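To be precise, the following lines are input.tsv, and they hold TSV, C-alpha atoms and all ligand atoms.
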chain	number	residue	atom	x	y	z
J	18	MET	CA	72.69	2.78	91.84
J	19	LYS	CA	73.23	6.17	93.44
J	20	ILE	CA	71.25	9.07	92.00
J	21	LYS	CA	70.50	12.67	92.96
J	22	ALA	CA	66.86	13.53	93.51
J	23	ALA	CA	64.68	16.35	94.89
J	24	VAL	CA	63.04	14.77	97.95
J	25	VAL	CA	59.95	16.12	99.72
J	26	ARG	CA	59.94	15.01	103.37
J	27	GLU	CA	56.97	16.88	104.84
J	28	LYS	CA	53.62	18.37	103.77
J	29	SER	CA	54.24	21.61	101.84
J	30	GLY	CA	57.96	21.27	102.61
J	31	GLN	CA	60.82	22.36	100.38
J	32	PHE	CA	62.32	20.06	97.79
J	33	LYS	CA	65.73	18.95	99.10
J	34	MET	CA	68.46	17.63	96.83
J	35	GLU	CA	69.66	14.32	98.27
J	36	GLU	CA	71.77	11.39	97.16
J	37	ILE	CA	69.61	8.26	97.28
J	38	GLU	CA	69.64	4.68	95.98
J	39	LEU	CA	67.55	3.65	92.96
J	40	ASP	CA	66.90	-0.02	92.18
J	41	GLU	CA	68.17	-1.66	88.99
J	42	PRO	CA	65.35	-2.17	86.42
J	43	ARG	CA	63.34	-5.37	86.91
J	44	GLY	CA	61.25	-7.27	84.29
J	45	ASP	CA	59.18	-4.54	82.61
J	46	GLU	CA	61.12	-1.55	83.95
J	47	VAL	CA	63.23	0.97	82.10
J	48	LEU	CA	66.05	3.02	83.64
J	49	VAL	CA	66.20	6.49	82.09
J	50	ARG	CA	68.95	9.11	82.43
J	51	LEU	CA	66.89	12.28	82.52
J	52	LYS	CA	67.54	15.31	80.31
J	53	GLY	CA	64.61	17.38	81.53
J	54	CYS	CA	61.46	17.31	83.61
J	55	GLY	CA	58.63	19.82	83.56
J	56	ILE	CA	56.89	21.00	86.72
J	57	CYS	CA	53.14	20.35	86.57
J	58	HIS	CA	50.47	21.58	88.96
J	59	THR	CA	49.91	17.99	90.16
J	60	ASP	CA	53.49	17.79	91.51
J	61	LEU	CA	52.82	20.77	93.75
J	62	VAL	CA	49.40	19.45	94.77
J	63	ALA	CA	51.10	16.20	95.83
J	64	ARG	CA	53.88	18.09	97.66
J	65	ASP	CA	51.18	19.99	99.57
J	66	GLN	CA	49.26	16.72	100.17
J	67	GLN	CA	46.01	18.04	98.67
J	68	GLN	CA	46.28	14.84	96.67
J	69	PRO	CA	47.44	12.16	99.10
J	70	ALA	CA	50.83	10.65	98.21
J	71	PRO	CA	53.08	9.01	100.81
J	72	LEU	CA	56.19	10.92	102.00
J	73	PRO	CA	59.15	11.13	101.83
J	74	ALA	CA	58.81	11.09	98.08
J	75	VAL	CA	60.31	12.10	94.78
J	76	PHE	CA	57.71	13.67	92.48
J	77	GLY	CA	58.04	14.79	88.85
J	78	HIS	CA	56.02	13.31	86.01
J	79	GLU	CA	57.04	15.12	82.83
J	80	GLY	CA	60.44	13.50	82.32
J	81	SER	CA	62.38	12.98	79.12
J	82	GLY	CA	65.76	11.35	78.65
J	83	VAL	CA	67.80	8.48	77.31
J	84	VAL	CA	67.29	4.81	78.13
J	85	GLU	CA	70.25	3.42	80.08
J	86	LYS	CA	69.12	-0.11	80.98
J	87	VAL	CA	66.03	-2.23	80.53
J	88	GLY	CA	64.53	-5.20	82.37
J	89	ASP	CA	64.52	-8.61	80.68
J	90	ARG	CA	60.88	-8.38	79.53
J	91	VAL	CA	61.17	-4.98	77.82
J	92	SER	CA	60.98	-4.96	74.02
J	93	LYS	CA	59.65	-1.45	73.25
J	94	VAL	CA	62.97	0.35	73.84
J	95	LYS	CA	66.68	-0.40	74.22
J	96	PRO	CA	69.63	1.43	75.80
J	97	GLY	CA	70.39	4.66	73.92
J	98	ASP	CA	66.81	5.30	72.80
J	99	PRO	CA	65.41	8.81	73.42
J	100	VAL	CA	62.15	8.65	75.37
J	101	VAL	CA	59.38	10.79	76.86
J	102	LEU	CA	57.83	9.52	80.09
J	103	THR	CA	54.09	9.82	80.55
J	104	TYR	CA	51.32	8.71	82.93
J	105	LEU	CA	51.04	5.06	83.88
J	106	SER	CA	48.03	2.81	83.28
J	107	CYS	CA	47.38	-0.79	84.29
J	108	GLY	CA	47.03	-2.28	80.81
J	109	VAL	CA	44.45	-4.87	81.86
J	110	CYS	CA	41.23	-3.02	82.83
J	111	SER	CA	38.48	-2.58	80.25
J	112	SER	CA	39.42	1.09	79.59
J	113	CYS	CA	43.03	0.15	78.91
J	114	LYS	CA	41.95	-2.75	76.71
J	115	LYS	CA	39.63	-0.44	74.76
J	116	GLY	CA	42.53	1.90	73.99
J	117	THR	CA	41.51	4.64	76.42
J	118	PRO	CA	44.28	4.29	79.05
J	119	ALA	CA	43.72	7.83	80.42
J	120	TYR	CA	40.50	6.41	81.92
J	121	CYS	CA	42.27	3.39	83.46
J	122	SER	CA	40.15	2.22	86.39
J	123	ASP	CA	43.36	2.03	88.46
J	124	PHE	CA	44.64	5.47	87.38
J	125	LEU	CA	44.98	6.86	90.91
J	126	LYS	CA	46.46	3.67	92.29
J	127	VAL	CA	49.16	3.20	89.65
J	128	ASN	CA	50.14	6.88	89.50
J	129	PHE	CA	49.99	7.84	93.19
J	130	SER	CA	50.65	4.67	95.21
J	131	ALA	CA	54.43	5.32	95.17
J	132	GLU	CA	55.37	1.65	94.91
J	133	ARG	CA	55.56	-1.15	92.36
J	134	SER	CA	52.43	-3.23	91.75
J	135	ASP	CA	53.93	-5.93	94.04
J	136	GLY	CA	54.20	-3.34	96.81
J	137	SER	CA	57.99	-3.00	96.78
J	138	PRO	CA	59.63	0.46	96.81
J	139	THR	CA	62.13	1.53	94.14
J	140	MET	CA	64.10	4.10	96.15
J	141	HIS	CA	65.99	3.96	99.43
J	142	LYS	CA	68.36	5.98	101.58
J	143	ASN	CA	70.37	4.24	104.31
J	144	GLY	CA	67.60	1.65	104.75
J	145	GLU	CA	64.79	4.22	104.72
J	146	THR	CA	62.13	3.93	101.99
J	147	ILE	CA	61.87	6.93	99.68
J	148	HIS	CA	58.62	6.76	97.74
J	149	GLY	CA	59.09	6.71	93.97
J	150	VAL	CA	57.02	5.44	91.03
J	151	PHE	CA	55.13	8.79	90.98
J	152	PHE	CA	53.23	8.57	87.67
J	153	GLY	CA	55.45	5.57	87.01
J	154	GLN	CA	58.61	7.72	86.97
J	155	SER	CA	59.50	10.20	89.82
J	156	SER	CA	61.50	12.40	87.48
J	157	PHE	CA	62.71	15.24	89.72
J	158	ALA	CA	66.04	13.43	89.69
J	159	THR	CA	69.07	12.55	87.60
J	160	HIS	CA	67.57	9.12	86.78
J	161	ALA	CA	64.09	7.59	86.78
J	162	LEU	CA	62.77	4.06	86.80
J	163	ALA	CA	59.77	3.89	84.46
J	164	MET	CA	57.64	1.00	83.19
J	165	GLU	CA	57.61	-0.17	79.60
J	166	ARG	CA	53.97	1.00	79.39
J	167	ASN	CA	54.75	4.63	80.19
J	168	VAL	CA	57.87	5.21	78.11
J	169	VAL	CA	57.30	6.64	74.64
J	170	LYS	CA	60.10	6.26	72.11
J	171	VAL	CA	60.66	9.47	70.15
J	172	ARG	CA	62.68	10.62	67.13
J	173	ARG	CA	66.31	11.63	67.65
J	174	ASP	CA	66.38	14.93	65.77
J	175	VAL	CA	64.62	17.07	68.39
J	176	PRO	CA	66.13	18.57	71.57
J	177	LEU	CA	65.21	15.98	74.18
J	178	GLU	CA	65.13	18.38	77.12
J	179	VAL	CA	62.07	20.24	75.81
J	180	LEU	CA	59.94	17.12	75.29
J	181	GLY	CA	59.06	16.09	78.86
J	182	PRO	CA	55.90	18.22	79.26
J	183	LEU	CA	54.41	16.44	76.24
J	184	GLY	CA	53.91	13.53	78.66
J	185	CYS	CA	51.35	15.43	80.75
J	186	GLY	CA	50.55	19.16	80.46
J	187	PHE	CA	51.01	19.67	76.74
J	188	GLN	CA	49.21	16.48	75.67
J	189	THR	CA	46.42	17.33	78.13
J	190	GLY	CA	45.71	20.68	76.48
J	191	ALA	CA	46.39	19.79	72.86
J	192	GLY	CA	44.68	16.40	73.12
J	193	GLY	CA	41.65	17.96	74.83
J	194	VAL	CA	41.00	19.73	71.54
J	195	ILE	CA	42.52	17.43	68.90
J	196	ASN	CA	41.47	14.04	70.35
J	197	ALA	CA	38.47	14.78	72.55
J	198	LEU	CA	36.49	17.74	71.16
J	199	LYS	CA	37.64	17.10	67.56
J	200	PRO	CA	36.43	20.45	66.19
J	201	GLY	CA	36.16	20.70	62.43
J	202	PRO	CA	37.79	23.55	60.47
J	203	GLY	CA	35.96	26.82	61.05
J	204	SER	CA	34.49	25.76	64.40
J	205	SER	CA	34.49	28.39	67.11
J	206	ILE	CA	36.16	27.66	70.45
J	207	ALA	CA	36.72	29.44	73.75
J	208	VAL	CA	39.54	28.34	76.04
J	209	PHE	CA	39.11	29.33	79.69
J	210	GLY	CA	42.49	29.57	81.43
J	211	ALA	CA	45.66	30.47	79.53
J	212	GLY	CA	48.28	28.60	81.54
J	213	SER	CA	50.43	25.96	79.88
J	214	VAL	CA	47.48	23.55	79.46
J	215	GLY	CA	45.18	26.24	78.02
J	216	MET	CA	47.99	27.51	75.80
J	217	SER	CA	48.53	23.96	74.46
J	218	ALA	CA	44.77	23.79	73.80
J	219	ILE	CA	45.00	27.03	71.81
J	220	LEU	CA	47.84	25.54	69.76
J	221	GLY	CA	45.67	22.44	69.25
J	222	ALA	CA	42.75	24.63	68.11
J	223	VAL	CA	45.03	26.29	65.55
J	224	VAL	CA	46.07	22.83	64.26
J	225	CYS	CA	42.35	21.92	63.90
J	226	GLY	CA	41.59	25.11	61.96
J	227	CYS	CA	39.25	26.62	64.57
J	228	THR	CA	38.09	30.19	64.22
J	229	PRO	CA	37.48	32.28	66.18
J	230	ILE	CA	39.78	31.06	68.96
J	231	ILE	CA	38.90	33.00	72.09
J	232	ALA	CA	41.24	32.97	75.09
J	233	VAL	CA	39.76	33.87	78.49
J	234	ASP	CA	41.94	34.58	81.53
J	235	VAL	CA	42.33	37.07	84.37
J	236	LYS	CA	45.96	37.91	83.57
J	237	SER	CA	46.53	40.30	80.69
J	238	ASN	CA	50.16	39.20	80.19
J	239	ARG	CA	48.94	35.65	79.56
J	240	LEU	CA	46.29	36.88	77.13
J	241	LYS	CA	48.99	38.70	75.19
J	242	ILE	CA	50.96	35.45	74.90
J	243	ALA	CA	47.75	33.59	73.93
J	244	GLN	CA	47.44	35.95	70.98
J	245	GLU	CA	51.01	35.11	69.94
J	246	PHE	CA	50.04	31.42	70.12
J	247	GLY	CA	47.07	31.89	67.80
J	248	ALA	CA	44.10	33.19	69.79
J	249	THR	CA	42.08	35.46	67.51
J	250	HIS	CA	40.35	37.20	70.43
J	251	THR	CA	41.13	37.60	74.13
J	252	ILE	CA	38.87	38.39	77.07
J	253	ASN	CA	40.01	39.47	80.53
J	254	SER	CA	37.28	37.95	82.69
J	255	ASP	CA	38.35	40.08	85.65
J	256	GLN	CA	37.37	43.21	83.76
J	257	THR	CA	34.38	42.11	81.71
J	258	ASP	CA	31.72	39.39	81.52
J	259	PRO	CA	33.14	36.65	79.29
J	260	ILE	CA	29.72	35.31	78.16
J	261	THR	CA	28.56	38.71	76.91
J	262	GLU	CA	31.88	39.23	75.15
J	263	ILE	CA	31.85	35.75	73.56
J	264	LYS	CA	28.33	36.36	72.23
J	265	LYS	CA	29.43	39.72	70.83
J	266	ILE	CA	32.14	37.90	68.88
J	267	THR	CA	30.18	34.82	67.81
J	268	GLY	CA	26.48	35.70	67.92
J	269	PRO	CA	24.96	32.45	69.26
J	270	GLY	CA	27.96	31.41	71.34
J	271	VAL	CA	30.85	29.03	70.65
J	272	ASN	CA	30.68	25.48	69.26
J	273	TYR	CA	33.28	24.32	71.77
J	274	SER	CA	34.62	25.52	75.08
J	275	LEU	CA	37.33	24.17	77.34
J	276	GLU	CA	37.59	24.69	81.10
J	277	CYS	CA	41.28	24.49	82.06
J	278	VAL	CA	41.26	25.91	85.60
J	279	GLY	CA	39.04	23.69	87.76
J	280	ILE	CA	36.83	26.43	89.24
J	281	PRO	CA	33.01	25.92	89.40
J	282	LYS	CA	32.23	29.50	88.35
J	283	VAL	CA	34.45	29.12	85.30
J	284	LEU	CA	32.86	25.79	84.32
J	285	ARG	CA	29.46	27.46	84.45
J	286	GLN	CA	30.74	30.27	82.23
J	287	ALA	CA	32.22	27.75	79.80
J	288	VAL	CA	28.81	26.03	79.53
J	289	GLU	CA	26.86	29.29	79.18
J	290	ALA	CA	29.22	30.48	76.45
J	291	LEU	CA	28.14	27.57	74.21
J	292	ALA	CA	25.86	27.82	71.21
J	293	THR	CA	23.10	25.19	71.07
J	294	THR	CA	24.52	21.67	70.56
J	295	GLY	CA	27.91	22.96	71.75
J	296	VAL	CA	30.30	20.84	73.78
J	297	CYS	CA	32.17	22.00	76.88
J	298	GLY	CA	35.30	20.00	77.72
J	299	LEU	CA	36.35	19.93	81.37
J	300	ILE	CA	40.09	19.58	81.90
J	301	GLY	CA	40.65	21.61	85.09
J	302	VAL	CA	41.05	19.50	88.23
J	303	ALA	CA	39.03	20.64	91.25
J	304	PRO	CA	39.32	19.08	94.73
J	305	VAL	CA	37.23	15.90	95.14
J	306	GLY	CA	33.67	16.80	96.20
J	307	THR	CA	33.60	20.17	94.38
J	308	GLU	CA	30.07	20.84	93.10
J	309	VAL	CA	28.84	23.17	90.37
J	310	THR	CA	25.42	24.65	89.65
J	311	LEU	CA	24.20	24.79	86.07
J	312	ASP	CA	20.97	26.13	84.64
J	313	MET	CA	19.37	22.86	83.50
J	314	HIS	CA	17.72	24.72	80.66
J	315	SER	CA	21.14	25.70	79.29
J	316	ILE	CA	22.07	22.00	78.94
J	317	LEU	CA	18.73	21.06	77.39
J	318	ASN	CA	19.39	22.50	73.94
J	319	GLY	CA	21.75	19.77	72.87
J	320	ARG	CA	24.67	21.04	74.89
J	321	SER	CA	26.98	18.69	76.74
J	322	VAL	CA	29.78	18.72	79.28
J	323	ARG	CA	32.55	16.21	78.78
J	324	GLY	CA	35.35	15.40	81.25
J	325	ILE	CA	38.78	14.88	79.67
J	326	VAL	CA	41.87	13.32	81.28
J	327	GLN	CA	45.34	13.59	79.66
J	328	GLY	CA	43.71	14.83	76.45
J	329	ASP	CA	42.27	11.34	75.76
J	330	SER	CA	45.84	10.53	74.67
J	331	VAL	CA	47.25	7.18	73.75
J	332	PRO	CA	50.75	8.53	74.40
J	333	ASP	CA	52.63	6.09	72.11
J	334	ILE	CA	50.58	7.49	69.21
J	335	PHE	CA	49.85	11.08	70.20
J	336	ILE	CA	53.26	12.25	71.51
J	337	PRO	CA	55.08	11.34	68.25
J	338	GLN	CA	52.26	13.15	66.36
J	339	LEU	CA	52.77	16.30	68.44
J	340	ILE	CA	56.54	16.10	67.84
J	341	GLU	CA	55.89	15.82	64.10
J	342	LEU	CA	53.69	18.94	64.25
J	343	TYR	CA	56.45	20.67	66.27
J	344	LYS	CA	59.03	19.81	63.60
J	345	GLN	CA	56.76	21.40	61.00
J	346	GLY	CA	56.45	24.56	63.11
J	347	ARG	CA	52.74	23.93	63.72
J	348	PHE	CA	52.96	23.16	67.44
J	349	PRO	CA	55.64	25.48	68.87
J	350	PHE	CA	55.27	24.32	72.48
J	351	ASP	CA	58.94	25.01	73.29
J	352	ARG	CA	58.12	28.73	73.43
J	353	MET	CA	56.34	28.08	76.74
J	354	ILE	CA	59.45	26.66	78.42
J	355	GLU	CA	61.93	28.26	80.84
J	356	PHE	CA	64.84	26.08	81.96
J	357	TYR	CA	66.12	25.80	85.52
J	358	PRO	CA	68.90	23.61	86.94
J	359	LEU	CA	67.39	20.74	88.96
J	360	ASP	CA	68.89	22.10	92.19
J	361	GLN	CA	66.92	25.35	91.63
J	362	ILE	CA	63.65	23.39	91.85
J	363	ASN	CA	62.21	25.45	94.72
J	364	GLN	CA	62.69	28.66	92.73
J	365	ALA	CA	61.17	26.98	89.66
J	366	ALA	CA	58.16	25.82	91.69
J	367	GLU	CA	57.66	29.30	93.16
J	368	ASP	CA	57.88	30.95	89.73
J	369	SER	CA	55.35	28.42	88.38
J	370	GLU	CA	52.90	29.03	91.22
J	371	LYS	CA	53.17	32.80	90.86
J	372	GLY	CA	52.54	32.51	87.12
J	373	LYS	CA	55.94	34.03	86.28
J	374	VAL	CA	56.64	31.16	83.89
J	375	LEU	CA	54.26	29.08	81.78
J	376	LYS	CA	56.27	25.87	81.99
J	377	ALA	CA	59.39	25.40	84.10
J	378	VAL	CA	61.61	22.54	82.95
J	379	LEU	CA	64.35	21.28	85.27
J	380	ARG	CA	67.63	20.06	83.82
J	381	PRO	CA	69.70	17.69	85.97
N	401	ZN	ZN	50.69	16.68	85.18
N	402	ZN	ZN	43.78	0.17	83.22

Could you show the structure in this file as structure tokens?
Ligand SMILES: [Zn+2]
Ligand SMILES: [Zn+2]
Amino acid sequence: MKIKAAVVREKSGQFKMEEIELDEPRGDEVLVRLKGCGICHTDLVARDQQQPAPLPAVFGHEGSGVVEKVGDRVSKVKPGDPVVLTYLSCGVCSSCKKGTPAYCSDFLKVNFSAERSDGSPTMHKNGETIHGVFFGQSSFATHALAMERNVVKVRRDVPLEVLGPLGCGFQTGAGGVINALKPGPGSSIAVFGAGSVGMSAILGAVVCGCTPIIAVDVKSNRLKIAQEFGATHTINSDQTDPITEIKKITGPGVNYSLECVGIPKVLRQAVEALATTGVCGLIGVAPVGTEVTLDMHSILNGRSVRGIVQGDSVPDIFIPQLIELYKQGRFPFDRMIEFYPLDQINQAAEDSEKGKVLKAVLRP
């Protein structure tokens, strides 16, 4: 079928709206008419080829929409069902079998290889291959071909166009707290980085009953928003030393900290801000090979550092839970969203990179 998609043809190039051909769904595939797709940092990293992904390609991995057609082996959803698209996992490695698909041993391969597992492409233009299957979806388009494994069926009584970012950014932040750190009520937490992931983590900390909830960032406008989202304290780490400030607030340091920016200096701060036996969660993605120095003594007193991918989420379980919390007014993630028409994707990407918007969502 013919679809419209935002195609990237060269490293760091513009997104160009093009009419291309998308295959019909095969066996375990699901064709989705998209209602919205968030822009995530990883899309821009792939566009700029800091994370290798073959070009020309259609990126986008926070799609939501309505199922149009399904392959003959699909039983999870049927045409007309509202769905959120999320990351793909292989389903057969030991991590997937254990119920921890975010740590799939083929995570990079299935999400970045830009082809089906049998090596065939899903998108074409006049005989030329356009690489799709990005995170099992390629959702910067009017339609996406997903796999049964990475579609999540959701309730009908929520606006579908706001739900896409639950499939990556929002579940990453909220799940980092709710699923991975699992702080008990009254635990103290510091969230380093108040972008959309950090902001989702703050919302998750509110759900868990954390206090104090300390937001650390270098942008005062973001810290103001963090307060609206439930941060009890904010620290501008450009103007003051966050560790000193955190100890002023908490005494011994925080029980939990979360690094959401992927910068070695910030990870070190997030570890040093911990009280003894505290846990630092690492969510921020740094380039492969990035090293960090830590005072070994600071780890010795029962502290730990824990890497977290996709908020430890099992999306079929966690995304409906987040939507339930949203319906109750306890996870108001839609306040982070600014909508753009799909053909304004370059503007949306620029506004995201400049920090003008927390979460841009494209509507076809
Ligand atoms: Zn993402
Ligand atoms: Zn796997």

> Any idea what's packed within 9 Å of stretch 315-324 of chain J, counting all atoms listed in the file, ignoring anything in its chain fewer than 3 positions away? Could you give it as a list in words?
Replying inline: Ala197, Leu198, Val288, Glu289, Leu291, Ala292, Thr293, Thr294, Gly295, Val296, Cys297, Gly298, Leu299, Ile300, Leu311 and Asp312 of chain J

> If you measure from atom CA of J:Leu359 to atom CA of J:Arg380, what distance in Å do you get, rounded to one decimal?
Replying inline: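 Separation between atom CA of J:Leu359 and atom CA of J:Arg380: 5.2 Å.
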
>> What does the list of residues within 6 Å of ligand ZN 402 (chain N) look like if you count only C-alpha atoms and all ligand atoms, written as a ChimeraX atom specification?
In response: /J:106-110,112-113,118,121-123

Considering all atoms listed in the file, give me a table of residues in chain J that are at most 8 Å from ligand ZN 401 (chain N), with the closest atom pair and distance in Å for each, as CSV.
residue,atom,partner,partner_atom,distance
J:Ile56,CA,N:ZN401,ZN,7.7
J:Cys57,CA,N:ZN401,ZN,4.6
J:His58,CA,N:ZN401,ZN,6.2
J:Thr59,CA,N:ZN401,ZN,5.2
J:Asp60,CA,N:ZN401,ZN,7.0
J:His78,CA,N:ZN401,ZN,6.4
J:Glu79,CA,N:ZN401,ZN,6.9
J:Gly184,CA,N:ZN401,ZN,7.9
J:Cys185,CA,N:ZN401,ZN,4.7
J:Gly186,CA,N:ZN401,ZN,5.3

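Checking J:Phe152, J:Phe124, J:Phe187, J:Phe32 one by one against J:Gly328, counting only C-alpha atoms, you find the shortest gap at J:Phe187.
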
> If we count only C-alpha atoms, what is near J:Ala290 at a cut-off of 7 Å, once residues fewer than 6 positions away on the same chain are taken out, given as a VMD selection string?
Replying inline: chain J and resid 260 263 270 to 271

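Residue nearest J:Val278 within the list J:Tyr343, J:Phe246, J:Phe350, J:Phe209: J:Phe209 [criterion: smallest interatomic distance, only C-alpha atoms].
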
> Expressed in Å to a single decimal, how great is the separation between atom CA of J:Gln188 and atom CA of J:Ser217?
Replying inline: 7.6 Å

>> Using Å and a single decimal, report how far atom CA of J:Ser111 sits from atom CA of J:Ser134.
In response: 18.1 Å

>> Given all atoms listed in the file as the basis, pick out the residue of J:Gln364, J:Ser237, J:Gln31, J:Thr307 nearest to J:Leu284.
In response: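 Selected residue with least distance to J:Leu284: J:Thr307.
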
>> So that I can check the surroundings of J:Ala74, please list as a VMD selection string every protein, DNA and RNA residue that reaches within 10 Å of it, counting only C-alpha atoms and ignoring chain neighbours fewer than 2 positions away.
In response: chain J and resid 22 to 27 32 63 to 64 70 to 72 76 to 77 131 140 146 to 151 155

> Which neighbours of stretch 159-170 of chain J fall inside 7 Å, counting all atoms listed in the file, when residues of the same chain fewer than 5 positions from it are skipped, and could you give them as a list of chain:residue names?
Replying inline: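 Returned residues: J:Ile20, J:Lys21, J:Ala22, J:Pro42, J:Asp45, J:Glu46, J:Val47, J:Leu48, J:Val49, J:Arg50, J:Leu51, J:Val91, J:Lys93, J:Val94, J:Asp98, J:Pro99, J:Val100, J:Val101, J:Leu102, J:Thr103, J:Tyr104, J:Leu105, J:Gly153, J:Gln154, J:Pro332, J:Asp333, J:Pro381.
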